[in-house]
$ cat input39.cif   # mmCIF, C-alpha atoms; chains and numbers go by the auth columns
data_my_file
loop_
_atom_site.group_PDB
_atom_site.id
_atom_site.type_symbol
_atom_site.label_atom_id
_atom_site.label_comp_id
_atom_site.label_asym_id
_atom_site.label_seq_id
_atom_site.Cartn_x
_atom_site.Cartn_y
_atom_site.Cartn_z
_atom_site.B_iso_or_equiv
_atom_site.auth_seq_id
_atom_site.auth_asym_id
ATOM 1 C CA MET A 1 91.492 65.664 34.701 0.00 1 G
ATOM 2 C CA ASN A 2 90.229 65.936 38.292 0.00 2 G
ATOM 3 C CA SER A 3 89.138 69.463 39.132 0.00 3 G
ATOM 4 C CA PHE A 4 89.734 69.669 42.864 0.00 4 G
ATOM 5 C CA HIS A 5 91.609 68.138 45.750 0.00 5 G
ATOM 6 C CA ILE A 6 88.808 67.374 48.197 0.00 6 G
ATOM 7 C CA PRO A 7 89.587 65.261 51.296 0.00 7 G
ATOM 8 C CA SER A 8 87.344 62.227 51.868 0.00 8 G
ATOM 9 C CA SER A 9 85.682 63.793 54.927 0.00 9 G
ATOM 10 C CA ARG A 10 84.654 66.810 52.903 0.00 10 G
ATOM 11 C CA ARG A 11 83.558 64.650 49.966 0.00 11 G
ATOM 12 C CA ARG A 12 81.110 62.903 52.326 0.00 12 G
ATOM 13 C CA LEU A 13 79.875 66.308 53.484 0.00 13 G
ATOM 14 C CA LEU A 14 79.388 67.421 49.893 0.00 14 G
ATOM 15 C CA LYS A 15 77.359 64.312 49.104 0.00 15 G
ATOM 16 C CA SER A 16 74.979 65.151 51.938 0.00 16 G
ATOM 17 C CA PHE A 17 74.645 68.714 50.653 0.00 17 G
ATOM 18 C CA LEU A 18 73.986 67.416 47.153 0.00 18 G
ATOM 19 C CA ALA A 19 71.332 64.984 48.378 0.00 19 G
ATOM 20 C CA GLY A 20 69.545 67.761 50.255 0.00 20 G
ATOM 21 C CA ALA A 21 69.845 70.318 47.470 0.00 21 G
ATOM 22 C CA GLY A 22 68.634 68.182 44.602 0.00 22 G
ATOM 23 C CA GLY A 23 72.086 68.057 43.036 0.00 23 G
ATOM 24 C CA ILE A 24 72.593 71.835 43.056 0.00 24 G
ATOM 25 C CA LEU A 25 75.873 72.852 44.681 0.00 25 G
ATOM 26 C CA ALA A 26 76.315 76.494 45.662 0.00 26 G
ATOM 27 C CA GLY A 27 79.569 78.362 45.079 0.00 27 G
ATOM 28 C CA ASP A 28 80.191 78.925 48.784 0.00 28 G
ATOM 29 C CA ILE A 29 80.019 75.162 49.408 0.00 29 G
ATOM 30 C CA TYR A 30 82.587 74.646 46.636 0.00 30 G
ATOM 31 C CA ALA A 31 84.821 77.171 48.350 0.00 31 G
ATOM 32 C CA GLU A 32 84.467 75.403 51.684 0.00 32 G
ATOM 33 C CA ALA A 33 85.366 72.085 50.021 0.00 33 G
ATOM 34 C CA LEU A 34 88.658 73.343 48.629 0.00 34 G
ATOM 35 C CA THR A 35 91.858 72.821 50.549 0.00 35 G
ATOM 36 C CA LEU A 36 94.214 75.787 50.330 0.00 36 G
ATOM 37 C CA THR A 37 97.619 74.870 48.968 0.00 37 G
ATOM 38 C CA PRO A 38 100.050 75.675 51.802 0.00 38 G
ATOM 39 C CA TRP A 39 102.954 78.080 51.525 0.00 39 G
ATOM 40 C CA GLN A 40 106.351 76.395 51.916 0.00 40 G
ATOM 41 C CA THR A 41 109.978 77.461 51.863 0.00 41 G
ATOM 42 C CA GLU A 42 111.539 78.442 48.569 0.00 42 G
ATOM 43 C CA GLY A 43 114.763 76.709 49.632 0.00 43 G
ATOM 44 C CA PRO A 44 118.282 77.840 48.830 0.00 44 G
ATOM 45 C CA TYR A 45 118.474 76.555 45.256 0.00 45 G
ATOM 46 C CA PHE A 46 116.192 78.700 43.149 0.00 46 G
ATOM 47 C CA PRO A 47 118.387 79.012 40.021 0.00 47 G
ATOM 48 C CA ASP A 48 120.967 81.771 40.316 0.00 48 G
ATOM 49 C CA HIS A 49 121.499 81.403 36.566 0.00 49 G
ATOM 50 C CA LEU A 50 118.332 80.676 34.609 0.00 50 G
ATOM 51 C CA PRO A 51 118.621 78.355 31.600 0.00 51 G
ATOM 52 C CA LEU A 52 118.051 79.682 28.086 0.00 52 G
ATOM 53 C CA ASP A 53 115.333 77.078 27.645 0.00 53 G
ATOM 54 C CA GLN A 54 112.531 77.814 30.121 0.00 54 G
ATOM 55 C CA ASP A 55 109.553 75.930 28.705 0.00 55 G
ATOM 56 C CA ASN A 56 107.402 73.384 30.549 0.00 56 G
ATOM 57 C CA ASP A 57 109.270 70.330 29.208 0.00 57 G
ATOM 58 C CA LEU A 58 112.306 69.970 31.458 0.00 58 G
ATOM 59 C CA THR A 59 113.367 66.638 29.952 0.00 59 G
ATOM 60 C CA LYS A 60 114.851 68.227 26.814 0.00 60 G
ATOM 61 C CA ILE A 61 116.956 71.319 26.317 0.00 61 G
ATOM 62 C CA ILE A 62 117.652 73.387 23.223 0.00 62 G
ATOM 63 C CA GLY A 63 120.510 71.719 21.369 0.00 63 G
ATOM 64 C CA GLY A 64 120.408 68.648 23.622 0.00 64 G
ATOM 65 C CA THR A 65 121.455 65.372 22.044 0.00 65 G
ATOM 66 C CA ALA A 66 119.305 63.161 24.315 0.00 66 G
ATOM 67 C CA PRO A 67 116.623 63.412 26.985 0.00 67 G
ATOM 68 C CA ALA A 68 117.552 63.928 30.627 0.00 68 G
ATOM 69 C CA GLY A 69 118.299 60.923 32.801 0.00 69 G
ATOM 70 C CA GLY A 70 115.669 59.657 35.210 0.00 70 G
ATOM 71 C CA VAL A 71 112.059 58.512 35.253 0.00 71 G
ATOM 72 C CA ILE A 72 109.947 60.709 32.977 0.00 72 G
ATOM 73 C CA THR A 73 107.127 62.267 35.010 0.00 73 G
ATOM 74 C CA GLU A 74 104.217 64.507 34.083 0.00 74 G
ATOM 75 C CA PHE A 75 101.915 66.428 36.358 0.00 75 G
ATOM 76 C CA GLY A 76 99.385 69.166 35.899 0.00 76 G
ATOM 77 C CA GLY A 77 95.980 70.416 36.852 0.00 77 G
ATOM 78 C CA ARG A 78 94.278 73.742 37.416 0.00 78 G
ATOM 79 C CA LEU A 79 95.168 76.897 39.282 0.00 79 G
ATOM 80 C CA LEU A 80 92.090 77.925 41.277 0.00 80 G
ATOM 81 C CA ASP A 81 91.016 80.687 43.605 0.00 81 G
ATOM 82 C CA LEU A 82 89.108 80.233 46.866 0.00 82 G
ATOM 83 C CA ASP A 83 85.791 80.066 45.001 0.00 83 G
ATOM 84 C CA GLY A 84 87.023 77.300 42.716 0.00 84 G
ATOM 85 C CA LYS A 85 87.298 79.666 39.760 0.00 85 G
ATOM 86 C CA PRO A 86 90.247 79.288 37.382 0.00 86 G
ATOM 87 C CA VAL A 87 93.122 81.735 37.692 0.00 87 G
ATOM 88 C CA THR A 88 94.171 82.567 34.146 0.00 88 G
ATOM 89 C CA ASP A 89 97.368 83.966 32.673 0.00 89 G
ATOM 90 C CA ALA A 90 99.483 83.347 35.765 0.00 90 G
ATOM 91 C CA ALA A 91 102.966 81.859 35.499 0.00 91 G
ATOM 92 C CA VAL A 92 103.539 78.548 37.266 0.00 92 G
ATOM 93 C CA GLU A 93 107.273 78.028 37.839 0.00 93 G
ATOM 94 C CA LEU A 94 108.974 74.687 38.553 0.00 94 G
ATOM 95 C CA TRP A 95 112.533 74.005 39.696 0.00 95 G
ATOM 96 C CA GLN A 96 113.900 70.756 41.080 0.00 96 G
ATOM 97 C CA ALA A 97 116.833 68.411 41.511 0.00 97 G
ATOM 98 C CA ASP A 98 117.953 66.297 38.572 0.00 98 G
ATOM 99 C CA ASN A 99 118.324 62.513 38.702 0.00 99 G
ATOM 100 C CA ASN A 100 121.572 62.942 40.665 0.00 100 G
ATOM 101 C CA GLY A 101 120.001 65.221 43.268 0.00 101 G
ATOM 102 C CA CYS A 102 121.658 68.366 41.851 0.00 102 G
ATOM 103 C CA TYR A 103 120.149 71.782 41.060 0.00 103 G
ATOM 104 C CA ILE A 104 121.079 74.375 38.457 0.00 104 G
ATOM 105 C CA HIS A 105 122.595 76.623 41.098 0.00 105 G
ATOM 106 C CA SER A 106 126.206 77.560 41.821 0.00 106 G
ATOM 107 C CA ARG A 107 125.958 75.698 45.155 0.00 107 G
ATOM 108 C CA GLY A 108 123.431 73.100 44.046 0.00 108 G
ATOM 109 C CA VAL A 109 125.733 70.190 43.138 0.00 109 G
ATOM 110 C CA GLN A 110 126.044 67.506 45.793 0.00 110 G
ATOM 111 C CA LYS A 111 129.481 66.361 46.895 0.00 111 G
ATOM 112 C CA GLY A 112 130.660 63.509 44.694 0.00 112 G
ATOM 113 C CA LYS A 113 127.892 64.104 42.141 0.00 113 G
ATOM 114 C CA GLU A 114 127.661 65.812 38.767 0.00 114 G
ATOM 115 C CA ARG A 115 124.740 67.783 37.421 0.00 115 G
ATOM 116 C CA ASP A 116 122.963 66.258 34.424 0.00 116 G
ATOM 117 C CA PRO A 117 123.722 68.731 31.592 0.00 117 G
ATOM 118 C CA LEU A 118 120.712 67.457 29.631 0.00 118 G
ATOM 119 C CA PHE A 119 118.200 68.349 32.347 0.00 119 G
ATOM 120 C CA GLN A 120 116.635 71.808 32.092 0.00 120 G
ATOM 121 C CA GLY A 121 116.212 72.159 35.864 0.00 121 G
ATOM 122 C CA TYR A 122 113.732 75.048 35.662 0.00 122 G
ATOM 123 C CA GLY A 123 110.629 75.719 33.598 0.00 123 G
ATOM 124 C CA LYS A 124 107.433 77.716 33.568 0.00 124 G
ATOM 125 C CA ILE A 125 104.058 77.845 31.876 0.00 125 G
ATOM 126 C CA ALA A 126 101.207 80.357 31.788 0.00 126 G
ATOM 127 C CA THR A 127 97.788 79.066 32.816 0.00 127 G
ATOM 128 C CA ASN A 128 95.209 79.027 30.035 0.00 128 G
ATOM 129 C CA GLU A 129 91.602 80.255 30.072 0.00 129 G
ATOM 130 C CA LYS A 130 90.623 77.239 32.189 0.00 130 G
ATOM 131 C CA GLY A 131 93.455 77.818 34.646 0.00 131 G
ATOM 132 C CA GLU A 132 95.246 74.712 33.386 0.00 132 G
ATOM 133 C CA TYR A 133 98.975 74.075 33.479 0.00 133 G
ATOM 134 C CA ARG A 134 101.170 71.026 32.853 0.00 134 G
ATOM 135 C CA PHE A 135 104.830 70.011 33.205 0.00 135 G
ATOM 136 C CA ARG A 136 106.848 67.188 31.690 0.00 136 G
ATOM 137 C CA THR A 137 109.880 66.502 33.835 0.00 137 G
ATOM 138 C CA ILE A 138 111.574 63.676 35.777 0.00 138 G
ATOM 139 C CA LYS A 139 111.138 62.145 39.201 0.00 139 G
ATOM 140 C CA PRO A 140 113.453 64.282 41.379 0.00 140 G
ATOM 141 C CA GLY A 141 116.645 62.751 42.659 0.00 141 G
ATOM 142 C CA LEU A 142 117.371 62.690 46.381 0.00 142 G
ATOM 143 C CA TYR A 143 119.770 64.925 48.195 0.00 143 G
ATOM 144 C CA THR A 144 120.794 64.546 51.816 0.00 144 G
ATOM 145 C CA GLY A 145 118.156 65.465 54.350 0.00 145 G
ATOM 146 C CA ARG A 146 115.130 65.735 52.039 0.00 146 G
ATOM 147 C CA THR A 147 112.510 63.552 50.471 0.00 147 G
ATOM 148 C CA ARG A 148 111.777 63.822 46.741 0.00 148 G
ATOM 149 C CA HIS A 149 110.071 67.112 45.964 0.00 149 G
ATOM 150 C CA TYR A 150 109.328 69.727 43.341 0.00 150 G
ATOM 151 C CA HIS A 151 109.534 73.457 44.039 0.00 151 G
ATOM 152 C CA ILE A 152 106.593 75.457 42.704 0.00 152 G
ATOM 153 C CA ALA A 153 105.889 79.181 42.539 0.00 153 G
ATOM 154 C CA VAL A 154 102.911 81.047 41.131 0.00 154 G
ATOM 155 C CA VAL A 155 103.596 84.546 39.823 0.00 155 G
ATOM 156 C CA ARG A 156 101.351 87.119 38.216 0.00 156 G
ATOM 157 C CA GLY A 157 103.128 90.187 36.923 0.00 157 G
ATOM 158 C CA LYS A 158 105.595 91.144 39.642 0.00 158 G
ATOM 159 C CA GLU A 159 103.598 89.560 42.452 0.00 159 G
ATOM 160 C CA ARG A 160 104.470 86.175 43.919 0.00 160 G
ATOM 161 C CA LEU A 161 101.122 84.582 44.772 0.00 161 G
ATOM 162 C CA LEU A 162 102.420 81.312 46.188 0.00 162 G
ATOM 163 C CA THR A 163 105.592 79.376 46.927 0.00 163 G
ATOM 164 C CA THR A 164 105.147 75.706 47.759 0.00 164 G
ATOM 165 C CA GLN A 165 106.415 72.174 47.133 0.00 165 G
ATOM 166 C CA LEU A 166 104.917 68.975 45.690 0.00 166 G
ATOM 167 C CA TYR A 167 105.694 65.439 46.870 0.00 167 G
ATOM 168 C CA HIS A 168 105.353 61.842 45.672 0.00 168 G
ATOM 169 C CA ALA A 169 103.011 59.706 47.761 0.00 169 G
ATOM 170 C CA GLY A 170 104.561 56.567 49.224 0.00 170 G
ATOM 171 C CA GLU A 171 108.120 57.881 49.519 0.00 171 G
ATOM 172 C CA PRO A 172 109.649 56.460 52.730 0.00 172 G
ATOM 173 C CA GLN A 173 111.403 59.771 53.468 0.00 173 G
ATOM 174 C CA ASN A 174 108.066 61.639 53.586 0.00 174 G
ATOM 175 C CA ASP A 175 107.390 60.666 57.205 0.00 175 G
ATOM 176 C CA ARG A 176 110.605 62.249 58.446 0.00 176 G
ATOM 177 C CA ASP A 177 110.980 65.168 56.034 0.00 177 G
ATOM 178 C CA ARG A 178 111.215 68.271 58.190 0.00 178 G
ATOM 179 C CA VAL A 179 109.876 70.713 55.588 0.00 179 G
ATOM 180 C CA LEU A 180 106.875 68.579 54.626 0.00 180 G
ATOM 181 C CA ASN A 181 105.948 67.884 58.234 0.00 181 G
ATOM 182 C CA HIS A 182 106.214 71.563 59.129 0.00 182 G
ATOM 183 C CA ILE A 183 102.699 71.754 57.610 0.00 183 G
ATOM 184 C CA LYS A 184 100.624 71.136 60.730 0.00 184 G
ATOM 185 C CA ASP A 185 97.211 71.101 59.072 0.00 185 G
ATOM 186 C CA GLU A 186 96.712 67.502 57.923 0.00 186 G
ATOM 187 C CA GLU A 187 94.450 68.332 54.981 0.00 187 G
ATOM 188 C CA GLN A 188 96.895 70.925 53.684 0.00 188 G
ATOM 189 C CA ARG A 189 99.801 68.515 54.118 0.00 189 G
ATOM 190 C CA LEU A 190 97.968 65.777 52.219 0.00 190 G
ATOM 191 C CA SER A 191 97.043 68.255 49.473 0.00 191 G
ATOM 192 C CA VAL A 192 100.697 68.513 48.390 0.00 192 G
ATOM 193 C CA ILE A 193 101.359 64.736 48.490 0.00 193 G
ATOM 194 C CA ARG A 194 100.044 63.275 45.268 0.00 194 G
ATOM 195 C CA PRO A 195 99.952 59.718 43.881 0.00 195 G
ATOM 196 C CA PHE A 196 102.092 59.383 40.758 0.00 196 G
ATOM 197 C CA THR A 197 100.969 56.365 38.747 0.00 197 G
ATOM 198 C CA GLU A 198 102.166 54.730 35.540 0.00 198 G
ATOM 199 C CA SER A 199 100.910 56.615 32.526 0.00 199 G
ATOM 200 C CA GLY A 200 100.091 53.528 30.467 0.00 200 G
ATOM 201 C CA SER A 201 102.637 54.408 27.809 0.00 201 G
ATOM 202 C CA GLY A 202 104.559 51.207 28.491 0.00 202 G
ATOM 203 C CA LYS A 203 107.726 53.229 29.069 0.00 203 G
ATOM 204 C CA GLY A 204 107.537 53.371 32.854 0.00 204 G
ATOM 205 C CA GLU A 205 106.546 57.046 32.808 0.00 205 G
ATOM 206 C CA LEU A 206 104.589 58.494 35.735 0.00 206 G
ATOM 207 C CA VAL A 207 101.683 60.928 35.788 0.00 207 G
ATOM 208 C CA ALA A 208 99.769 62.837 38.458 0.00 208 G
ATOM 209 C CA THR A 209 97.026 65.447 38.759 0.00 209 G
ATOM 210 C CA TRP A 210 97.490 68.344 41.153 0.00 210 G
ATOM 211 C CA ASP A 211 95.255 71.381 41.499 0.00 211 G
ATOM 212 C CA ILE A 212 96.731 74.457 43.170 0.00 212 G
ATOM 213 C CA VAL A 213 94.343 76.504 45.293 0.00 213 G
ATOM 214 C CA LEU A 214 95.306 80.097 46.079 0.00 214 G
ATOM 215 C CA GLY A 215 94.242 81.966 49.188 0.00 215 G
ATOM 216 C CA MET A 216 94.995 85.489 50.320 0.00 216 G
ATOM 217 C CA THR A 217 98.512 86.744 49.646 0.00 217 G
ATOM 218 C CA PRO A 218 100.260 86.795 53.045 0.00 218 G
ATOM 219 C CA PRO A 219 100.670 90.348 54.359 0.00 219 G
ATOM 220 C CA ASP A 220 104.189 90.357 55.810 0.00 220 G
ATOM 221 C CA PRO A 221 106.449 90.815 52.762 0.00 221 G
ATOM 222 C CA GLU A 222 110.080 89.967 52.219 0.00 222 G
ATOM 223 C CA GLU A 223 112.438 91.004 49.464 0.00 223 G
ATOM 224 C CA ARG A 224 113.514 88.496 46.825 0.00 224 G
ATOM 225 C CA ARG A 225 114.705 88.961 43.261 0.00 225 G
ATOM 226 C CA GLY A 226 113.375 92.511 43.325 0.00 226 G
ATOM 227 C CA ARG A 227 109.838 91.288 44.069 0.00 227 G
ATOM 228 C CA ARG A 228 107.692 91.689 47.146 0.00 228 G
ATOM 229 C CA MET A 229 106.196 88.503 48.426 0.00 229 G
ATOM 230 C CA GLY A 230 104.776 87.224 51.672 0.00 230 G
ATOM 231 C CA PRO A 231 105.774 84.331 53.896 0.00 231 G
ATOM 232 C CA PRO A 232 103.331 81.513 54.603 0.00 232 G
ATOM 233 C CA PRO A 233 100.525 82.056 57.097 0.00 233 G
ATOM 234 C CA GLY A 234 101.685 81.279 60.604 0.00 234 G
ATOM 235 C CA GLY A 235 105.266 82.330 60.026 0.00 235 G
ATOM 236 C CA ARG A 236 108.176 81.563 57.765 0.00 236 G
ATOM 237 C CA PRO A 237 108.996 77.815 57.474 0.00 237 G
ATOM 238 C CA PRO A 238 112.560 76.546 57.791 0.00 238 G
ATOM 239 C CA ARG A 239 114.892 76.607 54.793 0.00 239 G
ATOM 240 C CA ASP A 240 115.619 73.215 53.298 0.00 240 G
ATOM 241 C CA GLY A 241 119.165 72.150 52.611 0.00 241 G
ATOM 242 C CA ALA A 242 120.698 75.584 53.194 0.00 242 G
ATOM 243 C CA PRO A 243 124.430 75.319 53.859 0.00 243 G
ATOM 244 C CA PRO A 244 126.185 75.022 56.199 0.00 244 G
ATOM 245 C CA ARG A 245 123.470 73.256 58.153 0.00 245 G
ATOM 246 C CA ASN A 246 121.906 70.154 56.628 0.00 246 G
ATOM 247 C CA GLU A 247 118.227 71.010 56.715 0.00 247 G
#
$ encode --input "input39.cif" --output "structure tokens"
Amino acid sequence: MNSFHIPSSRRRLLKSFLAGAGGILAGDIYAEALTLTPWQTEGPYFPDHLPLDQDNDLTKIIGGTAPAGGVITEFGGRLLDLDGKPVTDAAVELWQADNNGCYIHSRGVQKGKERDPLFQGYGKIATNEKGEYRFRTIKPGLYTGRTRHYHIAVVRGKERLLTTQLYHAGEPQNDRDRVLNHIKDEEQRLSVIRPFTESGSGKGELVATWDIVLGMTPPDPEERRGRRMGPPPGGRPPRDGAPPRNE
């Protein structure tokens, strides 16, 4: 499992540091190499009724007779702080559209579509002593106005540490997705676009590695679900898909 997302320009810089330091890499250089995972909008479809089953395998639900429809997809990595140290015992939450582009939300079913009752829609996992987390889910379906994406939140206790989204590399809608391209810093934008490749299982399943890097909790809080959390640095990004406007 790859430990960090380091852009190629910074990898070249690290190699020069390594050559000059006899292979010894200081902690502050590690910190400089890390790309902070950007804050992004939560969107309008965080579940307003959480499922009974909330584990990290969204492809099967308690009492389900079959797996969810769609391409089975796994992703995971480590939750890190600015110094590259693992963040342990934090909850990583995932919610997303099913294969039909529908969410488990009272307003999350697209017109003319039906929600897949076998898809969990939401899950969470606590990071272990190495900061590791992993989800088994499906490739998100499309809904009007957005590219394929996963919604991610990191919570410790009652504090929301991060809200962001994860994207599939190579999706044609990425170039015109308004929420993704709201991230002006190129390295941060690329840090949330990951290559999903075939797992080698022979079943067409996809897999990706994605490390989440936490920075300072933004200072300007807003109220949500009884928690205090901050918007992303530089202001609050636009909501995606919030009715009545198609965003």
$ residues_around --input "input39.cif" --residues "Asn99 (chain G)" --least-positions-apart "6" --cutoff "7 Å" --atoms "only C-alpha atoms" --output "list in words"
Gly69, Gly70, Pro140 and Gly141 of chain G
$ atom_distance --input "input39.cif" --atom1 "CA of Phe135 (chain G)" --atom2 "CA of Asn56 (chain G)"
5.0 Å
$ residues_around --input "input39.cif" --residues "Lys111 (chain G)" --least-positions-apart "4" --cutoff "12 Å" --atoms "all atoms listed in the file" --output "PyMOL selection string"
chain G and resi 100-102+107+115+143-144
$ residues_around --input "input39.cif" --residues "region 147-155 of chain G" --least-positions-apart "5" --cutoff "7 Å" --atoms "only C-alpha atoms" --output "VMD selection string"
chain G and resid 90 to 96 140 to 142 160 to 168 173 to 174 177
$ atom_distance --input "input39.cif" --atom1 "CA of Ala169 (chain G)" --atom2 "CA of Ile193 (chain G)"
5.3 Å
$ atom_distance --input "input39.cif" --atom1 "CA of Pro172 (chain G)" --atom2 "CA of Gly77 (chain G)"
25.2 Å
$ resolve_selection --input "input39.cif" --expression "the PyMOL selection byres ((chain G and resi 184) around 12)" --output "short mmCIF file (atom, residue, chain, number, x, y, z; two decimals) with C-alpha atoms, in the frame of the given file"
data_model
loop_
_atom_site.label_atom_id
_atom_site.label_comp_id
_atom_site.auth_asym_id
_atom_site.auth_seq_id
_atom_site.Cartn_x
_atom_site.Cartn_y
_atom_site.Cartn_z
CA PRO G 38 100.05 75.68 51.80
CA TRP G 39 102.95 78.08 51.52
CA GLN G 40 106.35 76.40 51.92
CA ARG G 178 111.22 68.27 58.19
CA VAL G 179 109.88 70.71 55.59
CA LEU G 180 106.88 68.58 54.63
CA ASN G 181 105.95 67.88 58.23
CA HIS G 182 106.21 71.56 59.13
CA ILE G 183 102.70 71.75 57.61
CA ASP G 185 97.21 71.10 59.07
CA GLU G 186 96.71 67.50 57.92
CA GLU G 187 94.45 68.33 54.98
CA GLN G 188 96.90 70.92 53.68
CA ARG G 189 99.80 68.52 54.12
CA LEU G 190 97.97 65.78 52.22
CA PRO G 233 100.52 82.06 57.10
CA GLY G 234 101.68 81.28 60.60
CA PRO G 237 109.00 77.82 57.47
#
$ resolve_selection --input "input39.cif" --expression "the PyMOL selection byres ((chain G and resi 120) around 8)" --output "PDB file with C-alpha atoms, keeping the file's coordinate frame"
ATOM      1  CA  PRO G  51     118.621  78.355  31.600  1.00  0.00           C
ATOM      2  CA  ASP G  53     115.333  77.078  27.645  1.00  0.00           C
ATOM      3  CA  GLN G  54     112.531  77.814  30.121  1.00  0.00           C
ATOM      4  CA  LEU G  58     112.306  69.970  31.458  1.00  0.00           C
ATOM      5  CA  THR G  59     113.367  66.638  29.952  1.00  0.00           C
ATOM      6  CA  LYS G  60     114.851  68.227  26.814  1.00  0.00           C
ATOM      7  CA  ILE G  61     116.956  71.319  26.317  1.00  0.00           C
ATOM      8  CA  PRO G 117     123.722  68.731  31.592  1.00  0.00           C
ATOM      9  CA  LEU G 118     120.712  67.457  29.631  1.00  0.00           C
ATOM     10  CA  PHE G 119     118.200  68.349  32.347  1.00  0.00           C
ATOM     11  CA  GLY G 121     116.212  72.159  35.864  1.00  0.00           C
ATOM     12  CA  TYR G 122     113.732  75.048  35.662  1.00  0.00           C
ATOM     13  CA  GLY G 123     110.629  75.719  33.598  1.00  0.00           C
TER      14      GLY G 123
END
$ closest_residue --input "input39.cif" --among "G:Val71, G:Gly112, G:Pro44, G:Thr37" --to "Glu198 (chain G)" --atoms "only C-alpha atoms"
G:Val71
$ resolve_selection --input "input39.cif" --expression "the PyMOL selection byres ((chain G and resi 206) around 7)" --output "VMD selection string"
chain G and resid 72 to 74 196 to 199 204 to 205 207
$ closest_residue --input "input39.cif" --among "G:Arg78, G:Gln110, G:Leu52, G:Asp116" --to "Ala66 (chain G)" --atoms "all atoms listed in the file"
G:Asp116
$ closest_residue --input "input39.cif" --among "G:Thr35, G:Lys158, G:Arg134, G:Lys139" --to "Asp55 (chain G)" --atoms "only C-alpha atoms"
G:Arg134
$ build_atoms --input "input39.cif" --residues "region 125-136 of chain G" --atoms "N, CA and C atoms" --output "PDB file, in the frame of the given file"
ATOM      1  N   ILE G 125     105.155  77.872  32.833  1.00  0.00           N
ATOM      2  CA  ILE G 125     104.058  77.845  31.876  1.00  0.00           C
ATOM      3  C   ILE G 125     102.982  78.797  32.368  1.00  0.00           C
ATOM      4  N   ALA G 126     102.317  79.482  31.441  1.00  0.00           N
ATOM      5  CA  ALA G 126     101.207  80.357  31.788  1.00  0.00           C
ATOM      6  C   ALA G 126      99.915  79.550  31.782  1.00  0.00           C
ATOM      7  N   THR G 127      99.076  79.760  32.771  1.00  0.00           N
ATOM      8  CA  THR G 127      97.788  79.066  32.816  1.00  0.00           C
ATOM      9  C   THR G 127      96.883  79.573  31.697  1.00  0.00           C
ATOM     10  N   ASN G 128      96.094  78.661  31.140  1.00  0.00           N
ATOM     11  CA  ASN G 128      95.209  79.027  30.035  1.00  0.00           C
ATOM     12  C   ASN G 128      93.868  79.552  30.569  1.00  0.00           C
ATOM     13  N   GLU G 129      92.893  79.677  29.681  1.00  0.00           N
ATOM     14  CA  GLU G 129      91.602  80.255  30.072  1.00  0.00           C
ATOM     15  C   GLU G 129      90.848  79.389  31.072  1.00  0.00           C
ATOM     16  N   LYS G 130      91.224  78.121  31.189  1.00  0.00           N
ATOM     17  CA  LYS G 130      90.623  77.239  32.189  1.00  0.00           C
ATOM     18  C   LYS G 130      91.471  77.133  33.448  1.00  0.00           C
ATOM     19  N   GLY G 131      92.557  77.889  33.495  1.00  0.00           N
ATOM     20  CA  GLY G 131      93.455  77.818  34.646  1.00  0.00           C
ATOM     21  C   GLY G 131      94.388  76.628  34.607  1.00  0.00           C
ATOM     22  N   GLU G 132      94.480  75.950  33.472  1.00  0.00           N
ATOM     23  CA  GLU G 132      95.246  74.712  33.386  1.00  0.00           C
ATOM     24  C   GLU G 132      96.736  74.966  33.161  1.00  0.00           C
ATOM     25  N   TYR G 133      97.527  74.061  33.690  1.00  0.00           N
ATOM     26  CA  TYR G 133      98.975  74.075  33.479  1.00  0.00           C
ATOM     27  C   TYR G 133      99.440  72.623  33.409  1.00  0.00           C
ATOM     28  N   ARG G 134     100.620  72.384  32.891  1.00  0.00           N
ATOM     29  CA  ARG G 134     101.170  71.026  32.853  1.00  0.00           C
ATOM     30  C   ARG G 134     102.681  71.085  32.671  1.00  0.00           C
ATOM     31  N   PHE G 135     103.383  70.145  33.354  1.00  0.00           N
ATOM     32  CA  PHE G 135     104.830  70.011  33.205  1.00  0.00           C
ATOM     33  C   PHE G 135     105.187  68.580  32.817  1.00  0.00           C
ATOM     34  N   ARG G 136     106.221  68.470  31.986  1.00  0.00           N
ATOM     35  CA  ARG G 136     106.848  67.188  31.690  1.00  0.00           C
ATOM     36  C   ARG G 136     108.272  67.284  32.237  1.00  0.00           C
TER      37      ARG G 136
END
